$ cat entry.txt   # compact mmCIF, C-alpha atoms (C1' of nucleotides) and all ligand atoms
# COMPACT_ATOMS: atom_id res chain seq x y z
CA MET A 1 -42.84 159.14 101.32
CA ALA A 2 -44.01 157.58 104.52
CA ARG A 3 -43.07 153.92 104.49
CA LYS A 4 -39.79 153.91 106.30
CA ASN A 5 -37.75 150.87 105.34
CA ALA A 6 -39.54 149.70 102.25
CA ALA A 7 -36.43 147.95 101.02
CA LYS A 8 -35.57 146.02 104.15
CA ARG A 9 -39.10 144.72 104.60
CA SER A 10 -40.49 141.89 102.48
CA GLN A 11 -37.48 139.68 102.95
CA PRO A 12 -38.68 136.13 103.54
CA PHE A 13 -38.43 136.39 107.32
CA ASP A 14 -39.13 140.03 107.95
CA ARG A 15 -42.35 139.31 109.75
CA THR A 16 -41.09 140.16 113.18
CA ARG A 17 -44.46 140.38 114.89
CA HIS A 18 -45.06 143.69 113.16
CA ASP A 19 -46.20 141.63 110.23
CA HIS A 20 -48.82 139.97 112.36
CA ALA A 21 -49.92 143.31 113.73
CA ARG A 22 -50.29 144.56 110.17
CA GLU A 23 -52.36 141.53 109.23
CA THR A 24 -54.70 142.26 112.12
CA ALA A 25 -54.96 145.90 111.07
CA GLU A 26 -55.83 144.86 107.53
CA ASP A 27 -58.58 142.56 108.71
CA TYR A 28 -59.98 145.23 111.02
CA VAL A 29 -60.11 148.10 108.54
CA GLU A 30 -61.62 145.77 105.96
CA ALA A 31 -64.28 144.66 108.44
CA ILE A 32 -64.97 148.21 109.61
CA ALA A 33 -65.43 149.44 106.05
CA SER A 34 -67.70 146.54 105.23
CA LEU A 35 -69.86 147.01 108.34
CA ILE A 36 -70.22 150.71 107.64
CA GLU A 37 -71.28 149.93 104.12
CA GLU A 38 -73.72 147.25 105.16
CA ARG A 39 -75.41 148.91 108.09
CA GLY A 40 -74.38 152.53 108.17
CA VAL A 41 -72.25 152.40 111.29
CA CYS A 42 -69.72 150.10 112.88
CA ARG A 43 -69.88 149.41 116.61
CA GLY A 44 -67.36 147.55 118.69
CA ALA A 45 -69.83 144.79 119.40
CA ASP A 46 -70.22 144.12 115.68
CA LEU A 47 -66.49 143.65 115.33
CA ALA A 48 -66.40 141.39 118.38
CA LYS A 49 -69.03 139.17 116.82
CA HIS A 50 -67.37 139.26 113.42
CA PHE A 51 -63.97 138.17 114.69
CA GLY A 52 -65.23 135.95 117.45
CA VAL A 53 -63.24 137.75 120.12
CA SER A 54 -64.32 139.68 123.21
CA HIS A 55 -65.42 143.28 122.93
CA VAL A 56 -62.51 144.20 125.18
CA THR A 57 -60.05 142.86 122.66
CA VAL A 58 -61.79 144.91 120.01
CA THR A 59 -61.56 148.10 122.06
CA LYS A 60 -57.87 147.61 122.56
CA THR A 61 -57.18 146.90 118.93
CA VAL A 62 -59.27 149.84 117.76
CA LEU A 63 -57.25 152.06 120.09
CA ARG A 64 -54.13 150.89 118.33
CA LEU A 65 -55.65 151.60 114.93
CA LYS A 66 -56.51 155.08 116.16
CA ARG A 67 -52.97 155.55 117.43
CA GLU A 68 -51.71 154.57 114.00
CA GLY A 69 -54.01 157.00 112.24
CA LEU A 70 -56.22 154.36 110.64
CA ALA A 71 -59.42 154.75 112.65
CA GLU A 72 -61.38 157.40 114.48
CA ALA A 73 -63.15 156.50 117.68
CA ALA A 74 -64.60 158.53 120.52
CA PRO A 75 -66.06 156.97 123.68
CA TYR A 76 -69.48 155.45 123.12
CA ARG A 77 -69.47 156.57 119.50
CA PRO A 78 -69.39 154.34 116.45
CA ILE A 79 -66.04 153.57 114.88
CA ASP A 80 -64.99 155.25 111.66
CA LEU A 81 -61.99 155.09 109.35
CA THR A 82 -59.60 157.87 108.41
CA ALA A 83 -58.69 158.47 104.78
CA LYS A 84 -55.60 156.34 105.39
CA GLY A 85 -57.74 153.62 106.92
CA ARG A 86 -60.09 153.67 103.95
CA ARG A 87 -57.17 153.34 101.56
CA MET A 88 -55.88 150.35 103.47
CA ALA A 89 -59.36 148.84 103.55
CA ARG A 90 -59.78 149.24 99.82
CA ALA A 91 -56.44 147.62 99.09
CA ALA A 92 -57.12 144.76 101.50
CA LYS A 93 -60.57 144.13 100.05
CA ARG A 94 -59.19 144.06 96.52
CA ARG A 95 -56.49 141.56 97.42
CA HIS A 96 -58.93 139.45 99.38
CA GLU A 97 -61.42 139.30 96.52
CA ILE A 98 -58.83 138.41 93.94
CA VAL A 99 -57.41 135.62 96.08
CA TYR A 100 -60.87 134.28 96.85
CA ALA A 101 -61.95 134.27 93.20
CA PHE A 102 -58.65 132.74 92.17
CA LEU A 103 -58.95 129.81 94.57
CA GLN A 104 -62.50 129.15 93.43
CA ALA A 105 -61.41 129.28 89.81
CA LEU A 106 -58.78 126.68 90.63
CA GLY A 107 -61.52 124.34 91.83
CA VAL A 108 -61.34 124.90 95.56
CA SER A 109 -64.73 124.71 97.28
CA ASP A 110 -66.34 127.96 98.38
CA ALA A 111 -66.08 127.21 102.08
CA VAL A 112 -62.39 126.34 101.92
CA ALA A 113 -61.61 129.18 99.52
CA LYS A 114 -63.14 131.53 102.03
CA ILE A 115 -61.04 130.23 104.90
CA ASP A 116 -57.77 130.00 102.98
CA SER A 117 -58.13 133.38 101.29
CA GLU A 118 -58.58 134.96 104.70
CA GLY A 119 -55.00 134.01 105.52
CA ILE A 120 -53.38 134.09 102.11
CA GLU A 121 -54.58 137.61 101.30
CA HIS A 122 -52.00 139.05 103.68
CA HIS A 123 -49.09 137.41 101.94
CA VAL A 124 -49.63 138.04 98.24
CA SER A 125 -47.40 140.62 96.62
CA GLU A 126 -48.60 142.76 93.77
CA GLU A 127 -46.70 140.52 91.37
CA THR A 128 -48.45 137.40 92.58
CA LEU A 129 -51.80 139.17 92.40
CA LYS A 130 -51.10 140.00 88.80
CA ALA A 131 -50.40 136.34 88.12
CA PHE A 132 -53.67 135.39 89.80
CA GLN A 133 -55.53 137.92 87.66
CA ARG A 134 -53.89 136.65 84.50
CA TYR A 135 -55.13 133.20 85.33
CA LEU A 136 -58.62 134.47 86.07
CA GLU A 137 -58.84 136.28 82.75
CA GLY A 138 -57.26 133.60 80.63
CA LYS A 139 -59.09 130.77 82.31
CA MET B 1 -56.58 111.69 119.39
CA ALA B 2 -54.69 114.74 120.52
CA ARG B 3 -55.95 117.75 118.60
CA LYS B 4 -58.52 119.14 120.93
CA ASN B 5 -61.04 121.21 119.02
CA ALA B 6 -60.40 120.23 115.45
CA ALA B 7 -63.89 121.30 114.45
CA LYS B 8 -63.88 124.74 115.99
CA ARG B 9 -60.52 125.67 114.51
CA SER B 10 -60.11 126.58 110.84
CA GLN B 11 -63.04 128.97 110.83
CA PRO B 12 -62.03 132.08 108.92
CA PHE B 13 -61.11 134.07 112.03
CA ASP B 14 -59.93 131.38 114.37
CA ARG B 15 -56.42 132.65 114.35
CA THR B 16 -56.45 133.93 117.87
CA ARG B 17 -52.73 134.40 118.23
CA HIS B 18 -52.33 130.65 118.56
CA ASP B 19 -52.35 130.59 114.81
CA HIS B 20 -49.37 132.90 114.71
CA ALA B 21 -47.59 130.80 117.30
CA ARG B 22 -48.21 127.75 115.13
CA GLU B 23 -46.83 129.50 112.09
CA THR B 24 -43.68 130.33 114.00
CA ALA B 25 -43.38 126.72 115.13
CA GLU B 26 -43.76 125.50 111.55
CA ASP B 27 -41.01 127.81 110.33
CA TYR B 28 -38.74 126.75 113.17
CA VAL B 29 -39.08 123.01 112.82
CA GLU B 30 -38.67 123.34 109.07
CA ALA B 31 -35.49 125.37 109.54
CA ILE B 32 -34.13 123.03 112.21
CA ALA B 33 -34.67 119.98 110.01
CA SER B 34 -33.06 121.70 107.07
CA LEU B 35 -30.03 122.84 109.06
CA ILE B 36 -29.54 119.36 110.49
CA GLU B 37 -29.67 117.91 107.01
CA GLU B 38 -27.31 120.47 105.54
CA ARG B 39 -24.65 120.58 108.23
CA GLY B 40 -25.24 117.74 110.64
CA VAL B 41 -26.31 119.82 113.62
CA CYS B 42 -28.43 122.85 114.32
CA ARG B 43 -27.22 125.50 116.76
CA GLY B 44 -29.15 128.43 118.10
CA ALA B 45 -26.86 130.84 116.34
CA ASP B 46 -27.71 129.28 112.98
CA LEU B 47 -31.38 129.84 113.59
CA ALA B 48 -30.78 133.43 114.69
CA LYS B 49 -28.97 134.11 111.44
CA HIS B 50 -31.57 132.30 109.38
CA PHE B 51 -34.51 134.24 110.79
CA GLY B 52 -32.70 137.50 111.28
CA VAL B 53 -33.59 137.70 114.96
CA SER B 54 -31.44 137.75 118.07
CA HIS B 55 -30.09 134.55 119.56
CA VAL B 56 -32.09 135.34 122.69
CA THR B 57 -35.32 135.24 120.76
CA VAL B 58 -34.27 131.90 119.35
CA THR B 59 -33.54 130.45 122.77
CA LYS B 60 -36.93 131.47 124.04
CA THR B 61 -38.77 130.08 121.06
CA VAL B 62 -36.85 126.81 121.15
CA LEU B 63 -37.82 126.48 124.81
CA ARG B 64 -41.44 126.76 123.79
CA LEU B 65 -40.96 124.11 121.08
CA LYS B 66 -39.42 121.87 123.70
CA ARG B 67 -42.34 122.52 126.04
CA GLU B 68 -44.70 121.52 123.24
CA GLY B 69 -42.82 118.32 122.53
CA LEU B 70 -41.49 119.39 119.15
CA ALA B 71 -37.80 119.89 119.91
CA GLU B 72 -35.13 118.53 122.20
CA ALA B 73 -32.57 120.89 123.61
CA ALA B 74 -30.14 120.65 126.51
CA PRO B 75 -27.97 123.57 127.65
CA TYR B 76 -25.05 124.21 125.31
CA ARG B 77 -26.04 121.26 123.14
CA PRO B 78 -27.25 121.39 119.56
CA ILE B 79 -30.98 121.46 118.92
CA ASP B 80 -32.79 118.38 117.71
CA LEU B 81 -36.35 117.50 116.78
CA THR B 82 -38.62 114.92 118.36
CA ALA B 83 -40.55 112.48 116.19
CA LYS B 84 -43.49 114.85 116.41
CA GLY B 85 -41.26 117.76 115.42
CA ARG B 86 -39.95 115.83 112.42
CA ARG B 87 -43.47 115.05 111.31
CA MET B 88 -44.41 118.70 111.49
CA ALA B 89 -41.23 119.65 109.64
CA ARG B 90 -41.95 117.18 106.86
CA ALA B 91 -45.49 118.45 106.42
CA ALA B 92 -44.38 122.07 106.47
CA LYS B 93 -41.64 121.44 103.95
CA ARG B 94 -44.01 119.67 101.62
CA ARG B 95 -46.55 122.49 101.74
CA HIS B 96 -43.85 125.08 101.30
CA GLU B 97 -42.38 123.36 98.27
CA ILE B 98 -45.71 122.91 96.56
CA VAL B 99 -46.66 126.54 97.08
CA TYR B 100 -43.28 127.72 95.86
CA ALA B 101 -43.38 125.58 92.73
CA PHE B 102 -46.96 126.60 92.08
CA LEU B 103 -46.23 130.31 92.18
CA GLN B 104 -43.28 129.85 89.85
CA ALA B 105 -45.42 127.83 87.48
CA LEU B 106 -47.90 130.69 87.46
CA GLY B 107 -45.18 132.99 86.22
CA VAL B 108 -44.15 134.66 89.46
CA SER B 109 -40.43 135.46 89.63
CA ASP B 110 -38.25 133.24 91.80
CA ALA B 111 -37.44 135.96 94.29
CA VAL B 112 -41.06 136.96 94.82
CA ALA B 113 -42.27 133.36 94.81
CA LYS B 114 -39.81 132.69 97.59
CA ILE B 115 -41.04 135.57 99.71
CA ASP B 116 -44.75 134.99 99.12
CA SER B 117 -44.60 131.23 99.61
CA GLU B 118 -42.97 131.81 102.97
CA GLY B 119 -46.18 133.39 104.18
CA ILE B 120 -48.77 131.57 102.10
CA GLU B 121 -47.53 128.11 103.10
CA HIS B 122 -49.11 128.52 106.54
CA HIS B 123 -52.56 129.18 105.17
CA VAL B 124 -53.12 126.53 102.51
CA SER B 125 -55.46 123.72 103.40
CA GLU B 126 -55.01 120.25 102.03
CA GLU B 127 -57.78 120.92 99.53
CA THR B 128 -56.04 124.00 98.16
CA LEU B 129 -52.75 122.11 98.00
CA LYS B 130 -54.44 119.47 95.89
CA ALA B 131 -55.68 122.18 93.55
CA PHE B 132 -52.14 123.58 93.28
CA GLN B 133 -50.81 120.11 92.49
CA ARG B 134 -53.46 119.53 89.85
CA TYR B 135 -52.37 122.73 88.18
CA LEU B 136 -48.71 121.75 88.40
CA GLU B 137 -49.36 118.39 86.77
CA GLY B 138 -51.75 119.53 84.10
CA LYS B 139 -49.75 122.63 83.27
C1' DA C 1 -2.40 125.68 130.60
C1' DC C 2 -4.50 130.10 129.65
C1' DA C 3 -6.38 133.93 127.13
C1' DA C 4 -9.31 135.18 123.64
C1' DA C 5 -13.02 134.49 120.91
C1' DT C 6 -17.44 132.52 120.33
C1' DC C 7 -21.70 130.71 121.73
C1' DT C 8 -25.50 130.41 125.12
C1' DT C 9 -28.21 131.52 128.92
C1' DT C 10 -30.39 134.71 132.35
C1' DA C 11 -32.56 138.87 133.73
C1' DG C 12 -35.56 142.21 132.64
C1' DC C 13 -37.87 145.02 129.60
C1' DC C 14 -41.57 146.31 125.44
C1' DC C 15 -45.66 145.50 122.64
C1' DG C 16 -49.70 143.13 120.58
C1' DG C 17 -53.51 140.13 120.88
C1' DG C 18 -56.07 137.40 123.97
C1' DC C 19 -59.08 137.01 128.42
C1' DT C 20 -62.50 137.97 132.87
C1' DA C 21 -64.57 140.88 136.16
C1' DA C 22 -66.35 145.08 137.40
C1' DA C 23 -67.79 149.78 136.63
C1' DC C 24 -70.00 152.89 133.75
C1' DT C 25 -73.07 155.02 129.92
C1' DA C 26 -76.80 155.02 126.86
C1' DA C 27 -81.08 153.32 124.99
C1' DA C 28 -85.50 151.18 125.64
C1' DG C 29 -89.66 149.97 128.13
C1' DC C 30 -92.94 150.89 130.95
C1' DG D 1 -89.17 159.41 135.32
C1' DC D 2 -87.16 155.09 136.60
C1' DT D 3 -85.58 150.61 135.60
C1' DT D 4 -83.84 147.28 132.92
C1' DT D 5 -80.94 145.93 129.25
C1' DA D 6 -77.48 146.44 126.03
C1' DG D 7 -73.13 148.41 124.81
C1' DT D 8 -68.54 150.22 126.41
C1' DT D 9 -64.70 151.20 129.07
C1' DT D 10 -61.23 150.25 132.82
C1' DA D 11 -58.34 147.40 135.52
C1' DG D 12 -55.53 143.76 135.63
C1' DC D 13 -54.02 139.48 134.16
C1' DC D 14 -51.66 135.72 130.54
C1' DC D 15 -48.72 134.41 126.67
C1' DG D 16 -45.74 134.81 122.53
C1' DG D 17 -42.37 137.10 119.90
C1' DG D 18 -39.26 140.85 119.95
C1' DC D 19 -35.08 143.36 122.20
C1' DT D 20 -30.40 144.73 125.10
C1' DA D 21 -27.16 144.00 128.63
C1' DA D 22 -24.64 141.11 131.37
C1' DA D 23 -23.01 136.71 132.99
C1' DG D 24 -21.62 132.02 132.15
C1' DA D 25 -19.77 128.04 129.25
C1' DT D 26 -17.08 126.14 125.53
C1' DT D 27 -13.91 126.14 122.00
C1' DT D 28 -9.74 127.45 119.88
C1' DG D 29 -5.07 128.93 119.48
C1' DT D 30 -0.63 129.65 121.10
MN MN E 201 -59.57 140.18 104.51
MN MN E 202 -57.47 138.09 106.63
MN MN E 203 -50.06 134.79 108.07
MN MN E 204 -43.13 130.39 106.55
$ encode --input "entry.txt" --output "structure tokens"
Amino acid sequence: MARKNAAKRSQPFDRTRHDHARETAEDYVEAIASLIEERGVCRGADLAKHFGVSHVTVTKTVLRLKREGLAEAAPYRPIDLTAKGRRMARAAKRRHEIVYAFLQALGVSDAVAKIDSEGIEHHVSEETLKAFQRYLEGK
Amino acid sequence: MARKNAAKRSQPFDRTRHDHARETAEDYVEAIASLIEERGVCRGADLAKHFGVSHVTVTKTVLRLKREGLAEAAPYRPIDLTAKGRRMARAAKRRHEIVYAFLQALGVSDAVAKIDSEGIEHHVSEETLKAFQRYLEGK
DNA sequence: ACAAATCTTTAGCCCGGGCTAAACTAAAGC
DNA sequence: GCTTTAGTTTAGCCCGGGCTAAAGATTTGT
């Protein structure tokens, strides 16, 4: 359930701007989860610094996440994730880590692997992830 | 020359919406070049069909490409690329092909490799491409 | 030559991710 | 307790990628 048009999505060019919004959401929930883990709470200013955008941009994006049931945020309170947000964060982190390790295993430098995995992570299907993992194990 | 802040860009989170605009441009010039090659000319309607968006969206995007010196377009005339647009198309096509072949070589199915490479192509640095090519050769 | 069909543009809207400036709240310092 | 400082929200703007509806141009067919 949920997940309205699972079939129609994932065509090569079904990235109608919603795709980009989803990528942003993935990066945000991942960052929120990581900040909470690292320092107990996540504040808007931390996210602003992390992404290199203004705090205003962060506020607006967090409002969207809240609207979509991914985050919880009350005025002047730290930002938290919902169960749904935590699930998305976990999945995003897993993908990100696999892609990062895979690029390094292929011989890409750490710095570049970090940059490239940050983009690639949003575009790897489960099947491709499996292939990356196979390579990592059998390397 | 050109290329204003080459250093500052390419940080992990320097994808401030301009990145997404660039990705769109890459897909467009690649598609325009391919349509011109396949059938002599490229019309807006072809692009609309190819991307699965409305012809209006295409018009607007092509106007932006023109503004950026990538495409040439006069009212009711077919769309063409500038030298700069052709260069970008060539580079995009190359990256795309390498990523596609690489995923297939890794054992990813054709259909999924096609979908994933469509997104991944925009996020692979030259260094990562080299690594992909090494794998393809030494496979 | 004209009517119909097809293609393209224009107008006007939505949303998401950016921004600056200004107001406001909360936390520290004294 | 009051003031400064740091963090946050609000208001209002820009741009890019979407859309529909309506008008205009071109092509095609008889
Ligand atoms: Mn990530
Ligand atoms: Mn990312
Ligand atoms: Mn992307
Ligand atoms: Mn693409």
$ atom_distance --input "entry.txt" --atom1 "atom CA of Glu127 of chain B" --atom2 "atom CA of Val112 of chain A"
7.5 Å
$ residues_around --input "entry.txt" --residues "Leu129 of chain A" --least-positions-apart "6" --cutoff "8 Å" --atoms "only C-alpha atoms (C1' of nucleotides)" --output "PyMOL selection string"
chain A and resi 95+98-99
$ write_last_selection --input "entry.txt" --atoms "C-alpha atoms" --output "PDB file, keeping the file's coordinate frame"
ATOM      1  CA  ARG A  95     -56.490 141.560  97.420  1.00  0.00           C
ATOM      2  CA  ILE A  98     -58.830 138.410  93.940  1.00  0.00           C
ATOM      3  CA  VAL A  99     -57.410 135.620  96.080  1.00  0.00           C
TER       4      VAL A  99
END
$ residues_around --input "entry.txt" --residues "Cys42 of chain A" --least-positions-apart "3" --cutoff "7 Å" --atoms "all atoms listed in the file" --output "list in words"
Ile32, Leu35, Ile36, Asp46, Pro78 and Ile79 of chain A
$ atom_distance --input "entry.txt" --atom1 "atom CA of Leu106 of chain B" --atom2 "atom CA of Ala92 of chain A"
21.9 Å
$ interface_residues --input "entry.txt" --of "chain C" --to "chain B" --cutoff "10 Å" --atoms "all atoms listed in the file" --output "ChimeraX atom specification"
/C:7-10,16-18
$ closest_atom_pairs --input "entry.txt" --of "chain B" --to "chain A" --cutoff "6 Å" --atoms "only C-alpha atoms" --output "CSV"
residue,atom,partner,partner_atom,distance
B:Pro12,CA,A:Ile115,CA,4.5
B:Phe13,CA,A:Phe51,CA,5.7
B:Phe51,CA,A:Phe13,CA,5.7
B:Val108,CA,A:Thr128,CA,6.0
B:Ile115,CA,A:Pro12,CA,4.5
B:Asp116,CA,A:His123,CA,5.7
B:Gly119,CA,A:His123,CA,5.4
B:Ile120,CA,A:Ile120,CA,5.3
B:His123,CA,A:Gly119,CA,5.4
B:Val124,CA,A:Asp116,CA,5.8
B:Thr128,CA,A:Val108,CA,6.0
$ atom_distance --input "entry.txt" --atom1 "atom C1' of DC15 of chain C" --atom2 "atom C1' of DA11 of chain D"
18.2 Å
$ residues_around --input "entry.txt" --residues "segment 25-28 of chain C" --least-positions-apart "5" --cutoff "12 Å" --atoms "only C-alpha atoms (C1' of nucleotides)" --output "number ranges by chain"
A: 75-77; D: 2-9
$ decode --input "entry.txt" --residues "segment 54-65 of chain B" --atoms "N, CA, C and O atoms" --output "PDB file, in the first residue's frame"
ATOM      1  N   SER B  54       4.959  17.807 -21.538  1.00  0.00           N
ATOM      2  CA  SER B  54       4.157  18.526 -22.524  1.00  0.00           C
ATOM      3  C   SER B  54       5.050  19.327 -23.458  1.00  0.00           C
ATOM      4  O   SER B  54       6.186  19.675 -23.108  1.00  0.00           O
ATOM      5  N   HIS B  55       4.530  19.629 -24.633  1.00  0.00           N
ATOM      6  CA  HIS B  55       5.298  20.404 -25.601  1.00  0.00           C
ATOM      7  C   HIS B  55       5.601  21.790 -25.059  1.00  0.00           C
ATOM      8  O   HIS B  55       6.599  22.405 -25.402  1.00  0.00           O
ATOM      9  N   VAL B  56       4.732  22.284 -24.163  1.00  0.00           N
ATOM     10  CA  VAL B  56       4.952  23.608 -23.590  1.00  0.00           C
ATOM     11  C   VAL B  56       6.206  23.607 -22.722  1.00  0.00           C
ATOM     12  O   VAL B  56       7.020  24.538 -22.788  1.00  0.00           O
ATOM     13  N   THR B  57       6.331  22.575 -21.946  1.00  0.00           N
ATOM     14  CA  THR B  57       7.526  22.440 -21.110  1.00  0.00           C
ATOM     15  C   THR B  57       8.783  22.413 -21.975  1.00  0.00           C
ATOM     16  O   THR B  57       9.796  23.048 -21.658  1.00  0.00           O
ATOM     17  N   VAL B  58       8.686  21.706 -23.080  1.00  0.00           N
ATOM     18  CA  VAL B  58       9.826  21.637 -23.995  1.00  0.00           C
ATOM     19  C   VAL B  58      10.186  23.021 -24.520  1.00  0.00           C
ATOM     20  O   VAL B  58      11.356  23.431 -24.489  1.00  0.00           O
ATOM     21  N   THR B  59       9.196  23.741 -24.991  1.00  0.00           N
ATOM     22  CA  THR B  59       9.434  25.081 -25.527  1.00  0.00           C
ATOM     23  C   THR B  59      10.199  25.935 -24.519  1.00  0.00           C
ATOM     24  O   THR B  59      11.206  26.576 -24.841  1.00  0.00           O
ATOM     25  N   LYS B  60       9.706  25.910 -23.296  1.00  0.00           N
ATOM     26  CA  LYS B  60      10.302  26.739 -22.260  1.00  0.00           C
ATOM     27  C   LYS B  60      11.756  26.330 -21.996  1.00  0.00           C
ATOM     28  O   LYS B  60      12.640  27.182 -21.887  1.00  0.00           O
ATOM     29  N   THR B  61      11.971  25.045 -21.938  1.00  0.00           N
ATOM     30  CA  THR B  61      13.329  24.576 -21.654  1.00  0.00           C
ATOM     31  C   THR B  61      14.263  24.896 -22.814  1.00  0.00           C
ATOM     32  O   THR B  61      15.409  25.319 -22.607  1.00  0.00           O
ATOM     33  N   VAL B  62      13.777  24.721 -24.033  1.00  0.00           N
ATOM     34  CA  VAL B  62      14.613  25.026 -25.196  1.00  0.00           C
ATOM     35  C   VAL B  62      14.962  26.516 -25.214  1.00  0.00           C
ATOM     36  O   VAL B  62      16.084  26.894 -25.567  1.00  0.00           O
ATOM     37  N   LEU B  63      14.028  27.351 -24.795  1.00  0.00           N
ATOM     38  CA  LEU B  63      14.328  28.782 -24.702  1.00  0.00           C
ATOM     39  C   LEU B  63      15.471  29.025 -23.731  1.00  0.00           C
ATOM     40  O   LEU B  63      16.343  29.862 -23.967  1.00  0.00           O
ATOM     41  N   ARG B  64      15.458  28.306 -22.642  1.00  0.00           N
ATOM     42  CA  ARG B  64      16.570  28.464 -21.689  1.00  0.00           C
ATOM     43  C   ARG B  64      17.888  28.018 -22.322  1.00  0.00           C
ATOM     44  O   ARG B  64      18.905  28.704 -22.207  1.00  0.00           O
ATOM     45  N   LEU B  65      17.862  26.872 -23.024  1.00  0.00           N
ATOM     46  CA  LEU B  65      19.084  26.381 -23.675  1.00  0.00           C
ATOM     47  C   LEU B  65      19.606  27.432 -24.649  1.00  0.00           C
ATOM     48  O   LEU B  65      20.813  27.665 -24.752  1.00  0.00           O
TER      49      LEU B  65
END
